[in-house]
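Take a look at the structure set out below.
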Amino acid sequence: MRFTSEQPLGDGVLEREFTLDGIPGILWAPATAAASAPVPLILLGHPTLGLRRMYPRLAARARHAAADGFATATVELPGSGDRPRLPVLEQARADLRRAYEAGRPVDEEIIDALVLPLVEEAVPEWRAALGALLALPGIGGPVGYSGGVISIGIRLAAVEPRIAAAGLFAGSLIPRVMFEEARRVTVPLHVLLQWDDEGNDRQAALDLFDAFGSEEKSLHANMGGHTGVPEFAGEAAARFFTRHLK
């Protein structure tokens, strides 16, 4: 891991940009974090819009987490931002646009092509970043994963033993194979569902919640569309991570 910049954000939060094997990322931590006083870590997931476009929302989430005593970190997803395009994903996105424009249902072949290659590429990168982050002075466990593409969160929670809790956003298309992977997830879960999300299959999200193997899991459903998440939903997620990571 190589740090490329460092700046204080105010409110006692230090932001450091880094690269790991050529993959950009950002680490936010309370300025008080030190080897003698390490803080828990939350990995911040995000959609495939690129870190530059997502930065204001990610930085706001990081500030709130730092106020609760957490470090947070994120990495650029494959095929996003300044990273090389992935032809299979570009084709799947074009097929998805055509289906929406024609008013056709999005079939499972398009969903698989859109999501599964991203999961296969992204999860090993998240795991490598997690290892490098936990080796830094001032960053310790336990570790949580929050938000982002839900299939990435499912795979990470299923295969990464260092993740102790996950907050997932049911706002993206879900390949059928992920329902089976969800049965392998056993960490405490907090799932956010926007009831009127125009781009999300509500029934599929509810079926996925049923499939999770976690003994402790909660579904936080709110009226409104994809971007209409109420402020109190974020507060509930913060309480969830404080309960399970501190």
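Naming scheme: A, B, ... for chains in displayed order of the structure tokens; residues 1 onward per chain; ligands 1 onward as shown.
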
*For A:Glu17, please output as a list in words all residues within 6 Å (counting only C-alpha atoms; exclusion window: fewer than 3 positions along the same chain).*
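My list of contacting residues is Phe3, Thr4, Ser5, Gly25 and Ile26 of chain A.
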
*asked:* as a PyMOL selection string, please: the residues near A:Thr32 (cut-off 9 Å, only C-alpha atoms, same-chain neighbours under 4 positions excluded).
replied: chain A and resi 12-13+37-38+138

*Which parts of stretch 59-203 of chain A does DSSP call strand (DSSP E or B) when run on the backbone here, written out as a PyMOL selection string?*
chain A and resi 71-75+139-147+163-169+189-194

Taking N, CA and C atoms for each residue, export the selection above as a compact mmCIF listing (two decimals), in the first residue's frame.
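File written: again.txt
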```txt
# COMPACT_ATOMS: atom_id res chain seq x y z
N ALA A 71 -12.59 4.04 11.86
CA ALA A 71 -11.92 4.33 10.59
C ALA A 71 -12.78 3.74 9.48
N THR A 72 -12.71 4.34 8.30
CA THR A 72 -13.43 3.83 7.14
C THR A 72 -12.49 3.84 5.94
N ALA A 73 -12.77 2.97 4.98
CA ALA A 73 -11.93 2.92 3.79
C ALA A 73 -12.75 2.41 2.62
N THR A 74 -12.31 2.78 1.43
CA THR A 74 -12.97 2.30 0.22
C THR A 74 -11.93 2.15 -0.89
N VAL A 75 -12.27 1.39 -1.91
CA VAL A 75 -11.41 1.24 -3.08
C VAL A 75 -12.24 1.39 -4.34
N ILE A 139 -5.18 1.09 13.08
CA ILE A 139 -6.35 0.44 12.49
C ILE A 139 -6.44 -0.98 13.04
N GLY A 140 -7.54 -1.32 13.64
CA GLY A 140 -7.71 -2.65 14.20
C GLY A 140 -9.08 -3.21 13.90
N GLY A 141 -9.33 -4.40 14.38
CA GLY A 141 -10.65 -4.98 14.24
C GLY A 141 -11.52 -4.58 15.41
N PRO A 142 -12.77 -5.04 15.40
CA PRO A 142 -13.40 -5.81 14.33
C PRO A 142 -13.66 -4.95 13.09
N VAL A 143 -14.12 -5.64 12.01
CA VAL A 143 -14.31 -4.99 10.72
C VAL A 143 -15.76 -5.15 10.28
N GLY A 144 -16.32 -4.09 9.71
CA GLY A 144 -17.65 -4.14 9.13
C GLY A 144 -17.60 -3.79 7.66
N TYR A 145 -18.66 -4.15 6.95
CA TYR A 145 -18.82 -3.75 5.54
C TYR A 145 -20.15 -3.03 5.44
N SER A 146 -20.18 -1.89 4.71
CA SER A 146 -21.37 -1.07 4.67
C SER A 146 -21.70 -0.62 3.25
N GLY A 147 -22.93 -0.92 2.81
CA GLY A 147 -23.46 -0.38 1.56
C GLY A 147 -22.87 -0.97 0.31
N ILE A 163 -14.64 -10.06 8.62
CA ILE A 163 -15.82 -9.19 8.66
C ILE A 163 -16.77 -9.71 9.73
N ALA A 164 -17.06 -8.84 10.69
CA ALA A 164 -17.87 -9.25 11.85
C ALA A 164 -19.32 -8.82 11.75
N ALA A 165 -19.64 -7.88 10.87
CA ALA A 165 -21.02 -7.41 10.71
C ALA A 165 -21.11 -6.68 9.37
N ALA A 166 -22.31 -6.67 8.79
CA ALA A 166 -22.49 -6.03 7.49
C ALA A 166 -23.81 -5.29 7.43
N GLY A 167 -23.75 -4.10 6.87
CA GLY A 167 -24.94 -3.32 6.58
C GLY A 167 -25.08 -3.25 5.07
N LEU A 168 -26.14 -3.83 4.52
CA LEU A 168 -26.30 -3.97 3.07
C LEU A 168 -27.47 -3.13 2.57
N PHE A 169 -27.34 -2.61 1.36
CA PHE A 169 -28.38 -1.80 0.74
C PHE A 169 -29.01 -2.61 -0.39
N LEU A 189 -26.56 -8.86 10.42
CA LEU A 189 -26.87 -8.08 9.22
C LEU A 189 -27.89 -6.99 9.52
N HIS A 190 -27.69 -5.86 8.86
CA HIS A 190 -28.67 -4.77 8.86
C HIS A 190 -28.91 -4.45 7.39
N VAL A 191 -30.11 -4.73 6.89
CA VAL A 191 -30.42 -4.56 5.47
C VAL A 191 -31.38 -3.40 5.29
N LEU A 192 -31.00 -2.47 4.42
CA LEU A 192 -31.82 -1.30 4.12
C LEU A 192 -32.54 -1.52 2.79
N LEU A 193 -33.86 -1.29 2.79
CA LEU A 193 -34.67 -1.44 1.58
C LEU A 193 -35.52 -0.20 1.39
N GLN A 194 -35.38 0.44 0.23
CA GLN A 194 -36.27 1.52 -0.16
C GLN A 194 -37.47 0.91 -0.88
```

*Would you mind listing what lies within 8 Å of A:Val119 as a ChimeraX atom specification, with only C-alpha atoms counted and same-chain residues fewer than 4 positions away left out?*
/A:115,123,151-152,155

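Considering only C-alpha atoms, the residue among A:Ala65, A:Leu116, A:Ala122, A:Leu133 positioned nearest to A:Leu27 is A:Leu133.
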
_Measuring between only C-alpha atoms, which one of A:Ala128, A:Leu58, A:Val39, A:Ala113 shows the shortest distance to A:Ile174?_
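The answer is A:Ala113, which sits nearest to A:Ile174.
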
*Using only C-alpha atoms, determine which residues lie at most 6 Å from stretch 210-219 of chain A, disregarding the query and same-chain residues fewer than 3 positions distant; provide the list as a PyMOL selection string.*
chain A and resi 182-191+207

*Per DSSP on the backbone, what are the alpha helix (DSSP H) residues of stretch 40-228 of chain A, as a PyMOL selection string?*
chain A and resi 51-67+87-102+108-134+150-159+177-182+202-211

*Contacts of stretch 84-99 of chain A at 10 Å or less, counting only C-alpha atoms, minus same-chain residues fewer than 5 places along, as a PyMOL selection string?*
chain A and resi 78-79+104-107+109-118

Take the residues from that selection and write them out as a compact mmCIF listing (two decimals), in the first residue's frame, keeping all heavy atoms.
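The result, written out as part_13.txt:
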```txt
# COMPACT_ATOMS: atom_id res chain seq x y z
N PRO A 78 -13.62 -2.42 -9.99
CA PRO A 78 -13.13 -2.77 -11.33
C PRO A 78 -14.00 -2.12 -12.42
O PRO A 78 -15.23 -2.08 -12.30
CB PRO A 78 -13.27 -4.29 -11.37
CG PRO A 78 -13.24 -4.71 -9.94
CD PRO A 78 -13.91 -3.61 -9.17
N GLY A 79 -13.34 -1.60 -13.44
CA GLY A 79 -14.06 -1.01 -14.56
C GLY A 79 -14.67 0.35 -14.27
O GLY A 79 -15.43 0.86 -15.09
N ARG A 104 -38.68 -3.72 -21.61
CA ARG A 104 -38.64 -5.18 -21.43
C ARG A 104 -38.15 -5.53 -20.03
O ARG A 104 -37.34 -4.79 -19.45
CB ARG A 104 -37.71 -5.84 -22.46
CG ARG A 104 -38.10 -5.63 -23.90
CD ARG A 104 -37.31 -6.61 -24.80
NE ARG A 104 -35.89 -6.56 -24.54
CZ ARG A 104 -35.04 -5.77 -25.18
NH1 ARG A 104 -35.48 -4.93 -26.11
NH2 ARG A 104 -33.75 -5.79 -24.89
N PRO A 105 -38.58 -6.67 -19.50
CA PRO A 105 -38.01 -7.13 -18.23
C PRO A 105 -36.52 -7.42 -18.40
O PRO A 105 -36.07 -7.80 -19.49
CB PRO A 105 -38.78 -8.42 -17.93
CG PRO A 105 -39.99 -8.37 -18.80
CD PRO A 105 -39.63 -7.57 -20.00
N VAL A 106 -35.76 -7.19 -17.33
CA VAL A 106 -34.32 -7.49 -17.36
C VAL A 106 -34.16 -8.97 -17.06
O VAL A 106 -34.48 -9.42 -15.95
CB VAL A 106 -33.56 -6.63 -16.34
CG1 VAL A 106 -32.07 -6.95 -16.39
CG2 VAL A 106 -33.80 -5.15 -16.60
N ASP A 107 -33.69 -9.75 -18.03
CA ASP A 107 -33.62 -11.20 -17.83
C ASP A 107 -32.38 -11.58 -17.02
O ASP A 107 -31.47 -10.78 -16.80
CB ASP A 107 -33.66 -11.95 -19.16
CG ASP A 107 -32.51 -11.60 -20.10
OD1 ASP A 107 -31.37 -11.44 -19.62
OD2 ASP A 107 -32.74 -11.51 -21.32
N GLU A 109 -29.92 -13.49 -17.67
CA GLU A 109 -28.64 -13.49 -18.39
C GLU A 109 -27.98 -12.12 -18.30
O GLU A 109 -26.76 -12.01 -18.08
CB GLU A 109 -28.86 -13.88 -19.84
CG GLU A 109 -27.57 -13.99 -20.64
CD GLU A 109 -27.80 -14.45 -22.07
OE1 GLU A 109 -28.93 -14.86 -22.38
OE2 GLU A 109 -26.84 -14.41 -22.86
N ILE A 110 -28.77 -11.06 -18.45
CA ILE A 110 -28.21 -9.71 -18.35
C ILE A 110 -27.75 -9.44 -16.91
O ILE A 110 -26.67 -8.89 -16.69
CB ILE A 110 -29.25 -8.66 -18.78
CG1 ILE A 110 -29.55 -8.78 -20.28
CG2 ILE A 110 -28.76 -7.24 -18.45
CD1 ILE A 110 -30.63 -7.82 -20.77
N ILE A 111 -28.56 -9.82 -15.94
CA ILE A 111 -28.19 -9.60 -14.53
C ILE A 111 -26.89 -10.31 -14.20
O ILE A 111 -26.00 -9.74 -13.57
CB ILE A 111 -29.33 -10.05 -13.60
CG1 ILE A 111 -30.57 -9.18 -13.83
CG2 ILE A 111 -28.89 -9.98 -12.13
CD1 ILE A 111 -31.79 -9.65 -13.06
N ASP A 112 -26.77 -11.57 -14.61
CA ASP A 112 -25.55 -12.32 -14.33
C ASP A 112 -24.33 -11.65 -14.96
O ASP A 112 -23.28 -11.51 -14.31
CB ASP A 112 -25.67 -13.74 -14.87
CG ASP A 112 -26.60 -14.61 -14.03
OD1 ASP A 112 -27.07 -14.14 -12.99
OD2 ASP A 112 -26.87 -15.76 -14.44
N ALA A 113 -24.47 -11.21 -16.22
CA ALA A 113 -23.35 -10.59 -16.93
C ALA A 113 -22.99 -9.24 -16.33
O ALA A 113 -21.83 -8.82 -16.36
CB ALA A 113 -23.68 -10.43 -18.41
N LEU A 114 -23.98 -8.57 -15.75
CA LEU A 114 -23.75 -7.25 -15.18
C LEU A 114 -23.09 -7.31 -13.81
O LEU A 114 -22.27 -6.46 -13.47
CB LEU A 114 -25.10 -6.53 -15.05
CG LEU A 114 -25.10 -5.08 -14.59
CD1 LEU A 114 -24.52 -4.17 -15.67
CD2 LEU A 114 -26.53 -4.65 -14.23
N VAL A 115 -23.41 -8.35 -13.04
CA VAL A 115 -23.01 -8.38 -11.63
C VAL A 115 -21.90 -9.38 -11.33
O VAL A 115 -20.94 -9.07 -10.61
CB VAL A 115 -24.23 -8.67 -10.73
CG1 VAL A 115 -23.82 -8.76 -9.27
CG2 VAL A 115 -25.31 -7.61 -10.93
N LEU A 116 -22.00 -10.59 -11.86
CA LEU A 116 -21.08 -11.65 -11.43
C LEU A 116 -19.62 -11.36 -11.79
O LEU A 116 -18.74 -11.60 -10.95
CB LEU A 116 -21.53 -12.99 -11.99
CG LEU A 116 -22.87 -13.50 -11.43
CD1 LEU A 116 -23.22 -14.86 -12.04
CD2 LEU A 116 -22.83 -13.59 -9.91
N PRO A 117 -19.29 -10.87 -12.99
CA PRO A 117 -17.88 -10.54 -13.25
C PRO A 117 -17.35 -9.47 -12.31
O PRO A 117 -16.18 -9.51 -11.91
CB PRO A 117 -17.89 -10.04 -14.71
CG PRO A 117 -19.11 -10.66 -15.32
CD PRO A 117 -20.11 -10.68 -14.21
N LEU A 118 -18.21 -8.52 -11.93
CA LEU A 118 -17.81 -7.48 -10.98
C LEU A 118 -17.49 -8.08 -9.62
O LEU A 118 -16.48 -7.75 -8.99
CB LEU A 118 -18.92 -6.45 -10.86
CG LEU A 118 -18.67 -5.27 -9.93
CD1 LEU A 118 -17.50 -4.43 -10.41
CD2 LEU A 118 -19.94 -4.41 -9.80
```

_Considering only C-alpha atoms, can you say which of A:Ala102, A:Ala35, A:Ala170, A:Leu9 comes closest to A:Asn222?_
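That would be A:Ala170, the residue with the smallest distance to A:Asn222.
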
*Could you check which of A:Leu173, A:Met1, A:Ile42, A:Ala33 is closest to A:His244, using only C-alpha atoms?*
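Checking each of A:Leu173, A:Met1, A:Ile42, A:Ala33 against A:His244, counting only C-alpha atoms, the winner is A:Ile42.
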
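Around A:Gln7, within 8 Å and counting only C-alpha atoms, the residues found are Leu14, Glu15 and Arg16 of chain A, once anything fewer than 5 positions away on its own chain is removed.
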
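Using only C-alpha atoms, the nearest neighbour of A:Phe241 within the list A:Gly10, A:Gly50, A:Gly45, A:Pro40 is A:Pro40.
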
*Could you tell me which of A:Trp195, A:Thr242, A:Pro8, A:Gly69 comes closest to A:His220 if we count only C-alpha atoms?*
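Smallest separation from A:His220 among the options: A:Trp195.
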